[in-house]
file protein18.cif (mmCIF, C-alpha atoms)
data_upload
loop_
_atom_site.group_PDB
_atom_site.id
_atom_site.type_symbol
_atom_site.label_atom_id
_atom_site.label_comp_id
_atom_site.auth_asym_id
_atom_site.auth_seq_id
_atom_site.Cartn_x
_atom_site.Cartn_y
_atom_site.Cartn_z
ATOM 1 C CA MET A 1 9.016 -10.908 -27.273
ATOM 2 C CA PRO A 2 6.890 -10.749 -24.088
ATOM 3 C CA GLN A 3 5.028 -7.491 -23.624
ATOM 4 C CA PRO A 4 4.536 -6.760 -19.910
ATOM 5 C CA ALA A 5 1.431 -4.810 -18.986
ATOM 6 C CA PRO A 6 2.226 -1.149 -18.291
ATOM 7 C CA MET A 7 2.135 -0.351 -14.582
ATOM 8 C CA ILE A 8 1.860 2.883 -12.631
ATOM 9 C CA THR A 9 3.193 3.844 -9.193
ATOM 10 C CA LYS A 10 0.771 4.553 -6.358
ATOM 11 C CA ASP A 11 1.302 8.299 -6.643
ATOM 12 C CA GLY A 12 0.378 8.130 -10.340
ATOM 13 C CA ARG A 13 3.608 9.864 -11.416
ATOM 14 C CA PHE A 14 5.644 7.034 -12.915
ATOM 15 C CA ALA A 15 4.783 4.425 -15.542
ATOM 16 C CA TYR A 16 6.916 1.310 -15.767
ATOM 17 C CA GLU A 17 7.118 -2.282 -16.937
ATOM 18 C CA ALA A 18 8.264 -5.137 -14.734
ATOM 19 C CA ALA A 19 8.863 -8.876 -14.682
ATOM 20 C CA GLY A 20 9.815 -11.351 -11.992
ATOM 21 C CA ASP A 21 9.145 -12.044 -8.328
ATOM 22 C CA PRO A 22 8.325 -8.827 -6.419
ATOM 23 C CA GLY A 23 10.389 -10.202 -3.532
ATOM 24 C CA ALA A 24 13.550 -10.687 -5.620
ATOM 25 C CA ILE A 25 16.481 -8.262 -5.826
ATOM 26 C CA PRO A 26 15.305 -5.137 -7.703
ATOM 27 C CA LEU A 27 17.057 -4.584 -11.054
ATOM 28 C CA ILE A 28 16.049 -1.186 -12.449
ATOM 29 C CA PHE A 29 16.685 -0.147 -16.068
ATOM 30 C CA LEU A 30 16.841 3.516 -17.119
ATOM 31 C CA HIS A 31 16.577 4.339 -20.837
ATOM 32 C CA GLY A 32 18.188 7.096 -22.899
ATOM 33 C CA ILE A 33 16.791 10.268 -24.457
ATOM 34 C CA GLY A 34 15.287 8.396 -27.411
ATOM 35 C CA GLY A 35 14.088 5.408 -25.426
ATOM 36 C CA ALA A 36 11.225 4.168 -23.280
ATOM 37 C CA ALA A 37 10.516 1.469 -20.740
ATOM 38 C CA ARG A 38 9.644 -0.912 -23.567
ATOM 39 C CA ALA A 39 13.179 -0.606 -24.969
ATOM 40 C CA TRP A 40 14.220 -2.972 -22.146
ATOM 41 C CA ARG A 41 11.702 -5.763 -22.815
ATOM 42 C CA HIS A 42 14.392 -8.217 -23.926
ATOM 43 C CA GLN A 43 16.235 -7.601 -20.651
ATOM 44 C CA LEU A 44 13.059 -7.894 -18.567
ATOM 45 C CA ALA A 45 12.434 -11.286 -20.175
ATOM 46 C CA THR A 46 16.055 -12.387 -19.678
ATOM 47 C CA PHE A 47 16.510 -11.316 -16.074
ATOM 48 C CA GLY A 48 12.970 -11.569 -14.740
ATOM 49 C CA ASP A 49 13.587 -15.190 -13.721
ATOM 50 C CA ARG A 50 16.194 -14.147 -11.120
ATOM 51 C CA PHE A 51 15.411 -10.515 -10.310
ATOM 52 C CA ARG A 52 12.530 -8.130 -9.998
ATOM 53 C CA ALA A 53 13.381 -6.538 -13.350
ATOM 54 C CA ILE A 54 11.896 -3.058 -13.725
ATOM 55 C CA ALA A 55 12.101 -0.439 -16.492
ATOM 56 C CA TRP A 56 10.721 3.048 -15.956
ATOM 57 C CA ASP A 57 9.415 5.576 -18.404
ATOM 58 C CA MET A 58 11.565 8.598 -17.617
ATOM 59 C CA PRO A 59 9.535 11.657 -16.501
ATOM 60 C CA GLY A 60 7.835 13.117 -19.561
ATOM 61 C CA TYR A 61 7.947 9.780 -21.430
ATOM 62 C CA GLY A 62 5.180 7.229 -21.947
ATOM 63 C CA GLY A 63 2.785 7.336 -19.026
ATOM 64 C CA SER A 64 5.139 9.196 -16.662
ATOM 65 C CA ALA A 65 4.323 12.764 -15.669
ATOM 66 C CA PRO A 66 6.761 15.429 -16.883
ATOM 67 C CA LEU A 67 8.842 17.464 -14.462
ATOM 68 C CA ALA A 68 8.101 21.149 -13.995
ATOM 69 C CA ARG A 69 11.787 21.885 -14.615
ATOM 70 C CA VAL A 70 14.136 19.346 -16.159
ATOM 71 C CA SER A 71 17.717 18.893 -14.971
ATOM 72 C CA ILE A 72 19.862 15.865 -14.233
ATOM 73 C CA ALA A 73 19.548 16.634 -10.504
ATOM 74 C CA ALA A 74 15.745 16.814 -10.787
ATOM 75 C CA LEU A 75 15.717 13.512 -12.691
ATOM 76 C CA ALA A 76 17.886 11.928 -9.971
ATOM 77 C CA ASN A 77 15.407 13.126 -7.360
ATOM 78 C CA ALA A 78 12.606 11.633 -9.440
ATOM 79 C CA LEU A 79 14.508 8.340 -9.564
ATOM 80 C CA GLN A 80 14.730 8.288 -5.774
ATOM 81 C CA GLN A 81 11.001 8.948 -5.526
ATOM 82 C CA PHE A 82 10.350 6.150 -8.038
ATOM 83 C CA ILE A 83 12.477 3.738 -5.987
ATOM 84 C CA GLU A 84 10.606 4.727 -2.825
ATOM 85 C CA GLN A 85 7.245 4.237 -4.536
ATOM 86 C CA LEU A 86 8.298 0.710 -5.515
ATOM 87 C CA GLY A 87 9.741 -0.074 -2.089
ATOM 88 C CA ALA A 88 12.854 -1.261 -3.941
ATOM 89 C CA THR A 89 15.463 -1.887 -1.237
ATOM 90 C CA ARG A 90 19.107 -1.780 -2.360
ATOM 91 C CA PRO A 91 18.416 -1.981 -6.091
ATOM 92 C CA ILE A 92 20.873 -2.678 -8.890
ATOM 93 C CA LEU A 93 20.611 0.173 -11.390
ATOM 94 C CA VAL A 94 21.356 -0.080 -15.118
ATOM 95 C CA GLY A 95 21.511 3.364 -16.712
ATOM 96 C CA HIS A 96 21.916 3.844 -20.464
ATOM 97 C CA SER A 97 23.123 7.172 -21.899
ATOM 98 C CA ILE A 98 21.268 9.940 -20.016
ATOM 99 C CA GLY A 99 19.982 7.161 -17.767
ATOM 100 C CA GLY A 100 23.599 6.551 -16.752
ATOM 101 C CA MET A 101 24.042 10.252 -16.023
ATOM 102 C CA ILE A 102 20.968 10.151 -13.792
ATOM 103 C CA VAL A 103 22.435 7.153 -11.960
ATOM 104 C CA GLN A 104 25.715 9.017 -11.399
ATOM 105 C CA LYS A 105 23.917 12.038 -9.926
ATOM 106 C CA TRP A 106 21.700 9.753 -7.831
ATOM 107 C CA LEU A 107 24.802 8.004 -6.468
ATOM 108 C CA GLU A 108 26.186 11.355 -5.353
ATOM 109 C CA GLN A 109 22.951 12.044 -3.488
ATOM 110 C CA SER A 110 22.431 8.480 -2.166
ATOM 111 C CA PRO A 111 25.859 6.773 -2.144
ATOM 112 C CA LYS A 112 24.872 3.802 0.032
ATOM 113 C CA LEU A 113 21.433 2.888 -1.314
ATOM 114 C CA ALA A 114 22.445 0.862 -4.389
ATOM 115 C CA ARG A 115 23.640 -2.727 -4.362
ATOM 116 C CA ALA A 116 25.520 -2.162 -7.651
ATOM 117 C CA VAL A 117 25.307 -0.023 -10.797
ATOM 118 C CA VAL A 118 25.868 -0.439 -14.521
ATOM 119 C CA LEU A 119 26.822 2.644 -16.549
ATOM 120 C CA ALA A 120 26.020 1.667 -20.118
ATOM 121 C CA GLN A 121 27.260 3.832 -22.991
ATOM 122 C CA THR A 122 27.206 7.029 -20.975
ATOM 123 C CA SER A 123 29.556 9.783 -19.883
ATOM 124 C CA PRO A 124 30.564 11.475 -16.612
ATOM 125 C CA ALA A 125 30.382 14.914 -18.277
ATOM 126 C CA PHE A 126 28.770 16.761 -21.167
ATOM 127 C CA GLY A 127 30.680 19.999 -20.868
ATOM 128 C CA LYS A 128 30.205 23.737 -21.074
ATOM 129 C CA ALA A 129 27.161 25.360 -22.641
ATOM 130 C CA ASP A 130 29.372 27.466 -24.893
ATOM 131 C CA GLY A 131 31.666 24.643 -26.014
ATOM 132 C CA ASP A 132 31.810 24.137 -29.779
ATOM 133 C CA TRP A 133 31.222 20.375 -29.587
ATOM 134 C CA GLN A 134 28.312 20.809 -27.192
ATOM 135 C CA LYS A 135 26.689 23.508 -29.327
ATOM 136 C CA SER A 136 27.024 21.460 -32.519
ATOM 137 C CA PHE A 137 25.666 18.338 -30.775
ATOM 138 C CA ILE A 138 22.543 20.150 -29.585
ATOM 139 C CA ALA A 139 22.071 21.998 -32.875
ATOM 140 C CA ALA A 140 22.301 18.787 -34.900
ATOM 141 C CA ARG A 141 19.522 17.207 -32.854
ATOM 142 C CA LEU A 142 17.181 20.135 -32.296
ATOM 143 C CA GLY A 143 17.726 21.914 -35.629
ATOM 144 C CA PRO A 144 15.524 19.551 -37.665
ATOM 145 C CA LEU A 145 12.681 19.997 -35.151
ATOM 146 C CA ASP A 146 13.076 23.769 -35.434
ATOM 147 C CA ARG A 147 12.688 23.369 -39.197
ATOM 148 C CA GLY A 148 9.403 21.484 -38.899
ATOM 149 C CA GLU A 149 10.402 17.832 -38.691
ATOM 150 C CA THR A 150 8.713 15.575 -36.117
ATOM 151 C CA MET A 151 10.121 12.915 -33.841
ATOM 152 C CA ARG A 152 8.324 10.316 -35.916
ATOM 153 C CA SER A 153 9.787 11.571 -39.194
ATOM 154 C CA LEU A 154 13.276 11.862 -37.689
ATOM 155 C CA ALA A 155 13.300 8.497 -35.909
ATOM 156 C CA PRO A 156 14.706 6.359 -38.782
ATOM 157 C CA SER A 157 17.670 8.671 -39.447
ATOM 158 C CA LEU A 158 18.362 9.306 -35.741
ATOM 159 C CA VAL A 159 18.461 5.583 -34.976
ATOM 160 C CA LYS A 160 20.607 4.823 -38.031
ATOM 161 C CA GLU A 161 23.212 7.354 -36.831
ATOM 162 C CA LEU A 162 23.384 5.692 -33.428
ATOM 163 C CA VAL A 163 23.994 2.041 -34.315
ATOM 164 C CA GLY A 164 27.039 0.000 -35.289
ATOM 165 C CA ASP A 165 27.526 -3.111 -37.412
ATOM 166 C CA THR A 166 24.692 -5.527 -38.292
ATOM 167 C CA PRO A 167 22.187 -4.514 -35.625
ATOM 168 C CA ASP A 168 19.298 -6.811 -34.756
ATOM 169 C CA PRO A 169 16.327 -6.000 -37.070
ATOM 170 C CA GLU A 170 13.701 -6.429 -34.335
ATOM 171 C CA GLY A 171 15.730 -4.272 -31.996
ATOM 172 C CA MET A 172 15.982 -1.563 -34.630
ATOM 173 C CA GLU A 173 12.244 -1.645 -35.224
ATOM 174 C CA LEU A 174 11.701 -1.159 -31.499
ATOM 175 C CA ALA A 175 14.345 1.598 -31.359
ATOM 176 C CA ARG A 176 12.584 3.523 -34.132
ATOM 177 C CA ALA A 177 9.213 3.057 -32.440
ATOM 178 C CA CYS A 178 10.564 4.352 -29.131
ATOM 179 C CA MET A 179 12.330 7.316 -30.727
ATOM 180 C CA GLY A 180 9.290 8.222 -32.807
ATOM 181 C CA SER A 181 7.003 8.251 -29.763
ATOM 182 C CA VAL A 182 9.116 10.604 -27.633
ATOM 183 C CA PRO A 183 7.178 13.846 -27.030
ATOM 184 C CA GLU A 184 9.034 16.694 -28.724
ATOM 185 C CA ALA A 185 8.903 18.819 -25.559
ATOM 186 C CA SER A 186 10.524 16.024 -23.541
ATOM 187 C CA TYR A 187 13.213 15.432 -26.167
ATOM 188 C CA ARG A 188 14.090 19.123 -26.212
ATOM 189 C CA ALA A 189 14.123 19.394 -22.431
ATOM 190 C CA MET A 190 16.340 16.327 -22.010
ATOM 191 C CA MET A 191 18.815 17.555 -24.624
ATOM 192 C CA LEU A 192 19.142 20.898 -22.870
ATOM 193 C CA ALA A 193 19.471 19.162 -19.480
ATOM 194 C CA LEU A 194 22.753 17.641 -20.688
ATOM 195 C CA ILE A 195 24.426 21.060 -20.794
ATOM 196 C CA GLY A 196 26.788 21.565 -17.885
ATOM 197 C CA PHE A 197 26.503 18.004 -16.577
ATOM 198 C CA ASP A 198 29.797 17.055 -14.906
ATOM 199 C CA GLN A 199 30.254 14.263 -12.359
ATOM 200 C CA ARG A 200 33.950 13.650 -12.987
ATOM 201 C CA SER A 201 34.963 14.798 -9.524
ATOM 202 C CA THR A 202 32.606 12.276 -7.874
ATOM 203 C CA LEU A 203 33.737 9.148 -9.736
ATOM 204 C CA LYS A 204 36.316 8.367 -7.021
ATOM 205 C CA ASP A 205 33.506 8.302 -4.452
ATOM 206 C CA ILE A 206 31.499 5.524 -6.103
ATOM 207 C CA SER A 207 31.760 2.736 -3.551
ATOM 208 C CA VAL A 208 29.406 0.088 -4.963
ATOM 209 C CA PRO A 209 30.301 -2.581 -7.558
ATOM 210 C CA THR A 210 30.244 -0.862 -10.948
ATOM 211 C CA LEU A 211 30.265 -2.082 -14.549
ATOM 212 C CA LEU A 212 31.041 0.291 -17.404
ATOM 213 C CA LEU A 213 29.717 -1.116 -20.657
ATOM 214 C CA SER A 214 30.690 0.452 -23.993
ATOM 215 C CA GLY A 215 30.339 -0.168 -27.728
ATOM 216 C CA SER A 216 33.388 0.045 -29.989
ATOM 217 C CA LYS A 217 31.371 1.922 -32.657
ATOM 218 C CA ASP A 218 29.651 4.318 -30.252
ATOM 219 C CA ASN A 219 30.231 7.935 -31.300
ATOM 220 C CA ASN A 220 28.121 9.458 -28.508
ATOM 221 C CA ALA A 221 29.911 7.742 -25.622
ATOM 222 C CA PRO A 222 33.201 6.641 -27.222
ATOM 223 C CA ALA A 223 34.774 3.477 -25.872
ATOM 224 C CA PRO A 224 38.169 5.096 -25.081
ATOM 225 C CA MET A 225 36.409 7.726 -22.950
ATOM 226 C CA MET A 226 34.463 5.056 -21.068
ATOM 227 C CA ALA A 227 37.590 2.946 -20.551
ATOM 228 C CA LYS A 228 39.320 5.986 -19.060
ATOM 229 C CA THR A 229 36.296 6.719 -16.870
ATOM 230 C CA ALA A 230 36.514 3.208 -15.436
ATOM 231 C CA THR A 231 40.025 3.927 -14.138
ATOM 232 C CA TYR A 232 38.657 6.641 -11.835
ATOM 233 C CA ILE A 233 36.048 4.409 -10.180
ATOM 234 C CA PRO A 234 37.367 2.113 -7.432
ATOM 235 C CA SER A 235 37.110 -1.565 -8.428
ATOM 236 C CA ALA A 236 35.127 -0.821 -11.586
ATOM 237 C CA GLN A 237 34.828 -3.439 -14.310
ATOM 238 C CA TYR A 238 34.975 -2.408 -17.970
ATOM 239 C CA VAL A 239 33.526 -4.326 -20.923
ATOM 240 C CA GLU A 240 33.609 -3.236 -24.564
ATOM 241 C CA LEU A 241 31.244 -4.797 -27.093
ATOM 242 C CA ALA A 242 32.859 -5.062 -30.527
ATOM 243 C CA GLY A 243 31.031 -3.548 -33.493
ATOM 244 C CA VAL A 244 28.277 -2.076 -31.324
ATOM 245 C CA GLY A 245 27.061 1.527 -31.508
ATOM 246 C CA HIS A 246 25.114 3.502 -28.909
ATOM 247 C CA LEU A 247 22.085 1.209 -28.511
ATOM 248 C CA ALA A 248 23.734 -1.998 -27.319
ATOM 249 C CA ASN A 249 20.734 -3.567 -25.594
ATOM 250 C CA LEU A 250 18.713 -3.226 -28.820
ATOM 251 C CA GLU A 251 21.506 -3.761 -31.379
ATOM 252 C CA ARG A 252 22.999 -6.879 -29.813
ATOM 253 C CA PRO A 253 20.658 -7.932 -27.009
ATOM 254 C CA GLU A 254 22.330 -11.318 -26.464
ATOM 255 C CA ALA A 255 25.812 -9.791 -26.134
ATOM 256 C CA PHE A 256 24.490 -7.058 -23.856
ATOM 257 C CA ASP A 257 22.660 -9.584 -21.675
ATOM 258 C CA GLU A 258 25.703 -11.847 -21.481
ATOM 259 C CA ALA A 259 27.938 -9.017 -20.256
ATOM 260 C CA LEU A 260 25.304 -7.800 -17.823
ATOM 261 C CA GLY A 261 24.592 -11.337 -16.622
ATOM 262 C CA LYS A 262 28.235 -12.014 -15.756
ATOM 263 C CA PHE A 263 28.391 -8.818 -13.727
ATOM 264 C CA LEU A 264 25.135 -9.604 -11.936
ATOM 265 C CA ASP A 265 26.405 -13.090 -11.101
ATOM 266 C CA SER A 266 29.477 -11.561 -9.446
ATOM 267 C CA VAL A 267 27.362 -9.076 -7.494
ATOM 268 C CA VAL A 268 24.971 -11.744 -6.242
ATOM 269 C CA ALA A 269 27.855 -14.098 -5.345
ATOM 270 C CA LYS A 270 29.582 -11.335 -3.371
ATOM 271 C CA HIS A 271 26.338 -10.495 -1.584
ATOM 272 C CA ARG A 272 25.813 -14.154 -0.724
ATOM 273 C CA CYS A 273 29.354 -14.447 0.690
ATOM 274 C CA LEU A 274 28.919 -11.326 2.803
ATOM 275 C CA ARG A 275 25.605 -12.604 4.099
ATOM 276 C CA ASN A 276 27.127 -15.997 4.990
ATOM 277 C CA ASP A 277 30.058 -14.287 6.741
ATOM 278 C CA HIS A 278 27.647 -12.193 8.754
ATOM 279 C CA ALA A 279 25.651 -15.276 9.712
ATOM 280 C CA SER A 280 28.848 -17.046 10.812
ATOM 281 C CA GLN A 281 29.825 -14.093 12.967
ATOM 282 C CA GLN A 282 26.396 -14.128 14.575
ATOM 283 C CA ASP A 283 26.767 -17.848 15.319
ATOM 284 C CA ASP A 284 30.238 -17.267 16.826
ATOM 285 C CA ARG A 285 28.824 -14.649 19.180
ATOM 286 C CA ARG A 286 26.107 -17.015 20.361
ATOM 287 C CA GLU A 287 28.724 -19.642 21.188
#
call {"tool": "encode", "arguments": {"input": "protein18.cif", "output": "structure tokens"}}
result
Amino acid sequence: MPQPAPMITKDGRFAYEAAGDPGAIPLIFLHGIGGAARAWRHQLATFGDRFRAIAWDMPGYGGSAPLARVSIAALANALQQFIEQLGATRPILVGHSIGGMIVQKWLEQSPKLARAVVLAQTSPAFGKADGDWQKSFIAARLGPLDRGETMRSLAPSLVKELVGDTPDPEGMELARACMGSVPEASYRAMMLALIGFDQRSTLKDISVPTLLLSGSKDNNAPAPMMAKTATYIPSAQYVELAGVGHLANLERPEAFDEALGKFLDSVVAKHRCLRNDHASQQDDRRE
């Protein structure tokens, strides 16, 4: 698999990997809590021939500077700053897990700046800090660290819990490498940032083309929940990948890329039609 050279924004705050023509439509990938920019290398290789495919290291990951205080809103602000640093006009955003939560918050703050978005295996809400499910979720993930485990020692079991049927071996190797390299402080901060996240009331306001992509074996972002979420977003498309857990782009990269590719084709075709209509209107005015 191609390994793009790590890049850094001009302000030195954000590390990222990229492929494709810098003048092409920006396609920005945002990883989950256990991920990294390199988790998207298969997608950068697949889509770099048509887009400026970009994957960031979330703040506090890889070569990206950590935030002074981590929250989904602060991460959404960081995303906007990253986009501005790149000069990425009207990007298409693909957010996985917490990356999808960041995209949802960013859309609330900047509803007209995206060309389209993909919410992959994510949720519009995490819930109350004192909820039993929320407390058990956090405890299950931070408890082993409290007892002296490390991200590297936990990576194999954490990844195994997340995946579905017959995942791609190379993808799993990469998933474990990404998970094992996450700084413990960043992992803890991101987990705690989930508490209280709730964008359900803003779903109806999403006005850009949207794909919701789920896995039938995903226990973190269950397919029925994602299918229901899609009904609240105007003109949203919903695709469910059979037998796939929470790490679709690494478990079944070809299936993930096929679903994403079909959506991107529809977005580009719609953009082309709108541009041609605008050009025709301009010609009519000249006549």
call {"tool": "closest_atom_pairs", "arguments": {"input": "protein18.cif", "of": "region 189-262 of chain A", "to": "region 50-68 of chain A", "cutoff": "12 Å", "atoms": "all atoms listed in the file", "output": "tab-separated table"}}
result
residue	atom	partner	partner_atom	distance
A:Ala189	CA	A:Gly60	CA	9.3
A:Met190	CA	A:Gly60	CA	9.4
A:Ala193	CA	A:Leu67	CA	11.9
A:Gly261	CA	A:Arg50	CA	10.4
call {"tool": "closest_residue", "arguments": {"input": "protein18.cif", "among": "A:Gln80, A:Ser214, A:Thr166, A:Thr46", "to": "Lys105 (chain A)", "atoms": "all atoms listed in the file"}}
result
A:Gln80
call {"tool": "closest_atom_pairs", "arguments": {"input": "protein18.cif", "of": "region 160-234 of chain A", "to": "region 122-136 of chain A", "cutoff": "10 Å", "atoms": "only C-alpha atoms", "output": "tab-separated table"}}
result
residue	atom	partner	partner_atom	distance
A:Leu192	CA	A:Ala129	CA	9.2
A:Ala193	CA	A:Phe126	CA	9.8
A:Leu194	CA	A:Phe126	CA	6.1
A:Ile195	CA	A:Ala129	CA	5.4
A:Gly196	CA	A:Gly127	CA	5.1
A:Phe197	CA	A:Ala125	CA	5.2
A:Asp198	CA	A:Ala125	CA	4.0
A:Gln199	CA	A:Pro124	CA	5.1
A:Arg200	CA	A:Pro124	CA	5.4
A:Ser201	CA	A:Pro124	CA	9.0
A:Thr202	CA	A:Pro124	CA	9.0
A:Leu203	CA	A:Pro124	CA	7.9
A:Leu212	CA	A:Thr122	CA	8.5
A:Leu213	CA	A:Thr122	CA	8.5
A:Ser214	CA	A:Thr122	CA	8.0
A:Asp218	CA	A:Thr122	CA	10.0
A:Asn220	CA	A:Thr122	CA	8.0
A:Ala221	CA	A:Thr122	CA	5.4
A:Pro222	CA	A:Thr122	CA	8.7
A:Ala223	CA	A:Thr122	CA	9.7
A:Met225	CA	A:Ser123	CA	7.8
A:Met226	CA	A:Ser123	CA	6.9
A:Thr229	CA	A:Pro124	CA	7.5
call {"tool": "write_last_selection", "arguments": {"input": "protein18.cif", "atoms": "C-alpha atoms", "output": "PDB file, in the frame of the given file"}}
result
ATOM      1  CA  LEU A 192      19.142  20.898 -22.870  1.00  0.00           C
ATOM      2  CA  ALA A 193      19.471  19.162 -19.480  1.00  0.00           C
ATOM      3  CA  LEU A 194      22.753  17.641 -20.688  1.00  0.00           C
ATOM      4  CA  ILE A 195      24.426  21.060 -20.794  1.00  0.00           C
ATOM      5  CA  GLY A 196      26.788  21.565 -17.885  1.00  0.00           C
ATOM      6  CA  PHE A 197      26.503  18.004 -16.577  1.00  0.00           C
ATOM      7  CA  ASP A 198      29.797  17.055 -14.906  1.00  0.00           C
ATOM      8  CA  GLN A 199      30.254  14.263 -12.359  1.00  0.00           C
ATOM      9  CA  ARG A 200      33.950  13.650 -12.987  1.00  0.00           C
ATOM     10  CA  SER A 201      34.963  14.798  -9.524  1.00  0.00           C
ATOM     11  CA  THR A 202      32.606  12.276  -7.874  1.00  0.00           C
ATOM     12  CA  LEU A 203      33.737   9.148  -9.736  1.00  0.00           C
ATOM     13  CA  LEU A 212      31.041   0.291 -17.404  1.00  0.00           C
ATOM     14  CA  LEU A 213      29.717  -1.116 -20.657  1.00  0.00           C
ATOM     15  CA  SER A 214      30.690   0.452 -23.993  1.00  0.00           C
ATOM     16  CA  ASP A 218      29.651   4.318 -30.252  1.00  0.00           C
ATOM     17  CA  ASN A 220      28.121   9.458 -28.508  1.00  0.00           C
ATOM     18  CA  ALA A 221      29.911   7.742 -25.622  1.00  0.00           C
ATOM     19  CA  PRO A 222      33.201   6.641 -27.222  1.00  0.00           C
ATOM     20  CA  ALA A 223      34.774   3.477 -25.872  1.00  0.00           C
ATOM     21  CA  MET A 225      36.409   7.726 -22.950  1.00  0.00           C
ATOM     22  CA  MET A 226      34.463   5.056 -21.068  1.00  0.00           C
ATOM     23  CA  THR A 229      36.296   6.719 -16.870  1.00  0.00           C
TER      24      THR A 229
END
call {"tool": "atom_distance", "arguments": {"input": "protein18.cif", "atom1": "CA of Ala236 (chain A)", "atom2": "CA of Ile92 (chain A)"}}
result
14.6 Å
call {"tool": "residues_near_point", "arguments": {"input": "protein18.cif", "point": "(23.3, -7.1, -6.3)", "cutoff": "10 Å", "atoms": "only C-alpha atoms", "output": "compact mmCIF listing (two decimals) with C-alpha atoms, keeping the file's coordinate frame"}}
result
# COMPACT_ATOMS: atom_id res chain seq x y z
CA ILE A 25 16.48 -8.26 -5.83
CA PRO A 26 15.30 -5.14 -7.70
CA LEU A 27 17.06 -4.58 -11.05
CA PHE A 51 15.41 -10.52 -10.31
CA ARG A 90 19.11 -1.78 -2.36
CA PRO A 91 18.42 -1.98 -6.09
CA ILE A 92 20.87 -2.68 -8.89
CA LEU A 93 20.61 0.17 -11.39
CA ALA A 114 22.44 0.86 -4.39
CA ARG A 115 23.64 -2.73 -4.36
CA ALA A 116 25.52 -2.16 -7.65
CA VAL A 117 25.31 -0.02 -10.80
CA VAL A 208 29.41 0.09 -4.96
CA PRO A 209 30.30 -2.58 -7.56
CA PHE A 263 28.39 -8.82 -13.73
CA LEU A 264 25.14 -9.60 -11.94
CA ASP A 265 26.40 -13.09 -11.10
CA SER A 266 29.48 -11.56 -9.45
CA VAL A 267 27.36 -9.08 -7.49
CA VAL A 268 24.97 -11.74 -6.24
CA ALA A 269 27.86 -14.10 -5.34
CA LYS A 270 29.58 -11.34 -3.37
CA HIS A 271 26.34 -10.50 -1.58
CA ARG A 272 25.81 -14.15 -0.72
call {"tool": "axis_aligned_box", "arguments": {"input": "protein18.cif", "around": "region 251-268 of chain A", "padding_each_side": "8 Å", "output": "AutoDock Vina command-line options"}}
result
--center_x 25.1 --center_y -8.4 --center_z -18.8 --size_x 24.8 --size_y 25.3 --size_z 41.1
call {"tool": "closest_residue", "arguments": {"input": "protein18.cif", "among": "A:Leu30, A:Leu107, A:Ala120, A:Ala36", "to": "Ala230 (chain A)", "atoms": "only C-alpha atoms"}}
result
A:Ala120
call {"tool": "closest_residue", "arguments": {"input": "protein18.cif", "among": "A:Gly245, A:Gly48, A:Gly148, A:Pro156", "to": "Leu174 (chain A)", "atoms": "all atoms listed in the file"}}
result
A:Pro156
call {"tool": "residues_around", "arguments": {"input": "protein18.cif", "residues": "Ile33 (chain A)", "least_positions_apart": "2", "cutoff": "8 Å", "atoms": "all atoms listed in the file", "output": "list in words"}}
result
His31, Gly35, Ser97, Ile98, Tyr187, Met190 and Met191 of chain A
call {"tool": "closest_residue", "arguments": {"input": "protein18.cif", "among": "A:Glu161, A:Asp21, A:Glu108, A:Glu149", "to": "Asn77 (chain A)", "atoms": "only C-alpha atoms"}}
result
A:Glu108
call {"tool": "resolve_selection", "arguments": {"input": "protein18.cif", "expression": "the PyMOL selection byres ((chain A and resi 217) around 7)", "output": "ChimeraX atom specification"}}
result
/A:164,215-216,218-219,243-245
call {"tool": "resolve_selection", "arguments": {"input": "protein18.cif", "expression": "the PyMOL selection byres ((chain A and resi 82) around 10)", "output": "NGL selection string"}}
result
:A and (9-11 or 13-16 or 56 or 58 or 76-81 or 83-88)
call {"tool": "atom_distance", "arguments": {"input": "protein18.cif", "atom1": "CA of Arg188 (chain A)", "atom2": "CA of Pro167 (chain A)"}}
result
26.7 Å
call {"tool": "closest_residue", "arguments": {"input": "protein18.cif", "among": "A:Val182, A:Ala139, A:Ile206, A:Val94", "to": "Arg152 (chain A)", "atoms": "all atoms listed in the file"}}
result
A:Val182
call {"tool": "atom_distance", "arguments": {"input": "protein18.cif", "atom1": "CA of Val118 (chain A)", "atom2": "CA of Gln104 (chain A)"}}
result
10.0 Å
call {"tool": "closest_residue", "arguments": {"input": "protein18.cif", "among": "A:Cys178, A:Leu119, A:Ile102, A:Ile72", "to": "Val239 (chain A)", "atoms": "all atoms listed in the file"}}
result
A:Leu119
call {"tool": "residues_near_point", "arguments": {"input": "protein18.cif", "point": "(19.3, -10.1, -34.5)", "cutoff": "12 Å", "atoms": "all atoms listed in the file", "output": "PyMOL selection string"}}
result
chain A and resi 42+165-173+248-255
